[in-house]
Every structure is written in C-alpha cells, then in structure tokens.
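What follows is the content of run-v4.cif (mmCIF, N, CA and C atoms).
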data_upload
loop_
_atom_site.label_atom_id
_atom_site.label_comp_id
_atom_site.auth_asym_id
_atom_site.auth_seq_id
_atom_site.Cartn_x
_atom_site.Cartn_y
_atom_site.Cartn_z
N MET N 1 -93.74 235.36 -9.25
CA MET N 1 -92.87 234.70 -10.22
C MET N 1 -92.11 235.72 -11.06
N MET N 2 -92.86 236.66 -11.65
CA MET N 2 -92.20 237.68 -12.49
C MET N 2 -91.30 238.57 -11.64
N ASN N 3 -91.77 238.91 -10.44
CA ASN N 3 -90.96 239.78 -9.57
C ASN N 3 -89.64 239.11 -9.20
N LYS N 4 -89.69 237.78 -8.97
CA LYS N 4 -88.45 237.05 -8.66
C LYS N 4 -87.48 237.12 -9.82
N LEU N 5 -88.00 236.92 -11.05
CA LEU N 5 -87.12 236.99 -12.22
C LEU N 5 -86.55 238.39 -12.39
N ILE N 6 -87.41 239.40 -12.22
CA ILE N 6 -86.95 240.78 -12.40
C ILE N 6 -85.92 241.15 -11.33
N ASN N 7 -86.12 240.66 -10.10
CA ASN N 7 -85.15 240.95 -9.04
C ASN N 7 -83.83 240.22 -9.27
N LYS N 8 -83.92 238.98 -9.78
CA LYS N 8 -82.71 238.20 -10.00
C LYS N 8 -81.91 238.75 -11.18
N TYR N 9 -82.60 239.03 -12.28
CA TYR N 9 -81.98 239.63 -13.46
C TYR N 9 -82.49 241.06 -13.54
N SER N 10 -82.20 241.75 -14.59
CA SER N 10 -82.74 243.10 -14.71
C SER N 10 -84.04 243.05 -15.50
N TYR N 11 -84.81 244.13 -15.41
CA TYR N 11 -86.10 244.19 -16.11
C TYR N 11 -85.91 244.04 -17.62
N LYS N 12 -84.84 244.69 -18.14
CA LYS N 12 -84.57 244.63 -19.59
C LYS N 12 -84.32 243.19 -20.03
N LYS N 13 -83.49 242.46 -19.26
CA LYS N 13 -83.16 241.08 -19.64
C LYS N 13 -84.40 240.21 -19.62
N VAL N 14 -85.23 240.39 -18.60
CA VAL N 14 -86.45 239.58 -18.51
C VAL N 14 -87.39 239.91 -19.67
N LYS N 15 -87.53 241.21 -19.96
CA LYS N 15 -88.42 241.64 -21.05
C LYS N 15 -87.97 241.07 -22.38
N TYR N 16 -86.69 241.25 -22.72
CA TYR N 16 -86.20 240.76 -24.00
C TYR N 16 -86.15 239.24 -24.03
N GLY N 17 -85.93 238.61 -22.90
CA GLY N 17 -85.96 237.14 -22.83
C GLY N 17 -87.34 236.60 -23.15
N LEU N 18 -88.36 237.22 -22.56
CA LEU N 18 -89.74 236.79 -22.83
C LEU N 18 -90.14 237.06 -24.27
N ILE N 19 -89.69 238.20 -24.81
CA ILE N 19 -89.97 238.50 -26.22
C ILE N 19 -89.31 237.44 -27.11
N ALA N 20 -88.07 237.08 -26.80
CA ALA N 20 -87.35 236.08 -27.60
C ALA N 20 -88.05 234.73 -27.53
N VAL N 21 -88.48 234.31 -26.35
CA VAL N 21 -89.18 233.03 -26.19
C VAL N 21 -90.47 233.04 -26.99
N THR N 22 -91.22 234.15 -26.92
CA THR N 22 -92.48 234.26 -27.65
C THR N 22 -92.25 234.18 -29.15
N VAL N 23 -91.22 234.86 -29.65
CA VAL N 23 -90.93 234.86 -31.08
C VAL N 23 -90.55 233.46 -31.53
N VAL N 24 -89.69 232.78 -30.76
CA VAL N 24 -89.25 231.43 -31.13
C VAL N 24 -90.43 230.47 -31.17
N LEU N 25 -91.29 230.52 -30.14
CA LEU N 25 -92.45 229.62 -30.11
C LEU N 25 -93.42 229.92 -31.24
N THR N 26 -93.59 231.20 -31.57
CA THR N 26 -94.47 231.57 -32.68
C THR N 26 -93.92 231.04 -33.99
N LEU N 27 -92.62 231.18 -34.21
CA LEU N 27 -91.99 230.67 -35.43
C LEU N 27 -92.13 229.15 -35.53
N LEU N 28 -91.92 228.45 -34.40
CA LEU N 28 -92.07 227.00 -34.40
C LEU N 28 -93.51 226.60 -34.73
N PHE N 29 -94.46 227.34 -34.19
CA PHE N 29 -95.87 227.05 -34.46
C PHE N 29 -96.18 227.24 -35.94
N ILE N 30 -95.69 228.33 -36.52
CA ILE N 30 -95.94 228.61 -37.93
C ILE N 30 -95.30 227.54 -38.81
N VAL N 31 -94.07 227.15 -38.48
CA VAL N 31 -93.37 226.12 -39.26
C VAL N 31 -94.12 224.80 -39.19
N SER N 32 -94.58 224.42 -37.98
CA SER N 32 -95.31 223.16 -37.86
C SER N 32 -96.65 223.23 -38.59
N LEU N 33 -97.27 224.40 -38.60
CA LEU N 33 -98.52 224.58 -39.33
C LEU N 33 -98.28 224.41 -40.83
N VAL N 34 -97.21 224.99 -41.34
CA VAL N 34 -96.87 224.86 -42.76
C VAL N 34 -96.62 223.40 -43.11
N PHE N 35 -95.86 222.68 -42.28
CA PHE N 35 -95.61 221.27 -42.55
C PHE N 35 -96.91 220.46 -42.50
N ALA N 36 -97.80 220.80 -41.58
CA ALA N 36 -99.08 220.09 -41.50
C ALA N 36 -99.90 220.32 -42.77
N ILE N 37 -99.92 221.55 -43.25
CA ILE N 37 -100.67 221.86 -44.48
C ILE N 37 -100.05 221.14 -45.68
N ILE N 38 -98.73 221.14 -45.76
CA ILE N 38 -98.05 220.47 -46.87
C ILE N 38 -98.34 218.97 -46.84
N SER N 39 -98.26 218.35 -45.67
CA SER N 39 -98.51 216.91 -45.59
C SER N 39 -99.97 216.61 -45.86
N GLN N 40 -100.87 217.50 -45.47
CA GLN N 40 -102.29 217.33 -45.77
C GLN N 40 -102.51 217.34 -47.28
N ILE N 41 -101.84 218.24 -47.96
CA ILE N 41 -101.97 218.33 -49.42
C ILE N 41 -101.35 217.10 -50.09
N ASN N 42 -100.15 216.71 -49.63
CA ASN N 42 -99.43 215.61 -50.27
C ASN N 42 -100.11 214.27 -50.08
N PHE N 43 -100.58 214.00 -48.86
CA PHE N 43 -101.05 212.65 -48.55
C PHE N 43 -102.58 212.55 -48.53
N ASN N 44 -103.28 213.66 -48.72
CA ASN N 44 -104.74 213.68 -48.77
C ASN N 44 -105.35 212.71 -47.76
N THR N 45 -105.49 213.19 -46.55
CA THR N 45 -105.90 212.36 -45.42
C THR N 45 -107.17 211.57 -45.67
N TYR N 46 -108.11 212.15 -46.39
CA TYR N 46 -109.39 211.47 -46.60
C TYR N 46 -109.20 210.14 -47.33
N THR N 47 -108.40 210.14 -48.38
CA THR N 47 -108.19 208.89 -49.12
C THR N 47 -107.35 207.91 -48.30
N THR N 48 -106.46 208.43 -47.46
CA THR N 48 -105.65 207.56 -46.62
C THR N 48 -106.54 206.85 -45.61
N ILE N 49 -107.50 207.56 -45.02
CA ILE N 49 -108.38 206.97 -44.02
C ILE N 49 -109.32 205.94 -44.66
N THR N 50 -109.84 206.25 -45.85
CA THR N 50 -110.85 205.38 -46.46
C THR N 50 -110.25 204.21 -47.21
N MET N 51 -108.96 204.14 -47.34
CA MET N 51 -108.35 203.01 -48.06
C MET N 51 -108.45 201.74 -47.25
#

Just give me the structure of the file as structure tokens.
Amino acid sequence: MMNKLINKYSYKKVKYGLIAVTVVLTLLFIVSLVFAIISQINFNTYTTITM
C-alpha cells in the first residue's frame, strides 16, 4: 500500500501528506474532547440521567 503511494507520488509528498492527515485528525480529536468536557460541565450528565 505505502509502496504504491510512494511510487505514484514522491516520498516527500506522501510523508508530508501523512503528517498533515495526522495533524488534522489530532486537532479534530482535541476539539471534540474540549466540546465534550464543556458539555459535561454545562449539562452535568448525572443530574440529566437521574431526572
């Protein structure tokens, strides 16, 4: 799989492409984690469930 990508494009493009994908997914994960924490604080899940 990787060899096909490297042969089709150059090694540099594949390397930086994978780095870019990893950074974007990490940022999305962090943002979703922050929103989850904020909503947990705002809506206090325990009281929502027990109501």

Legend entry - Gap from atom N of Asn44 of chain N to atom C of Val24 of chain N - Å, one decimal: 27.5 Å

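In this structure, atom C of Met1 of chain N sits 10.7 Å away from atom C of Val14 of chain N.
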
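Taking atom CA of Met2 of chain N and atom CA of Lys15 of chain N as the two end points, the separation is 10.2 Å.
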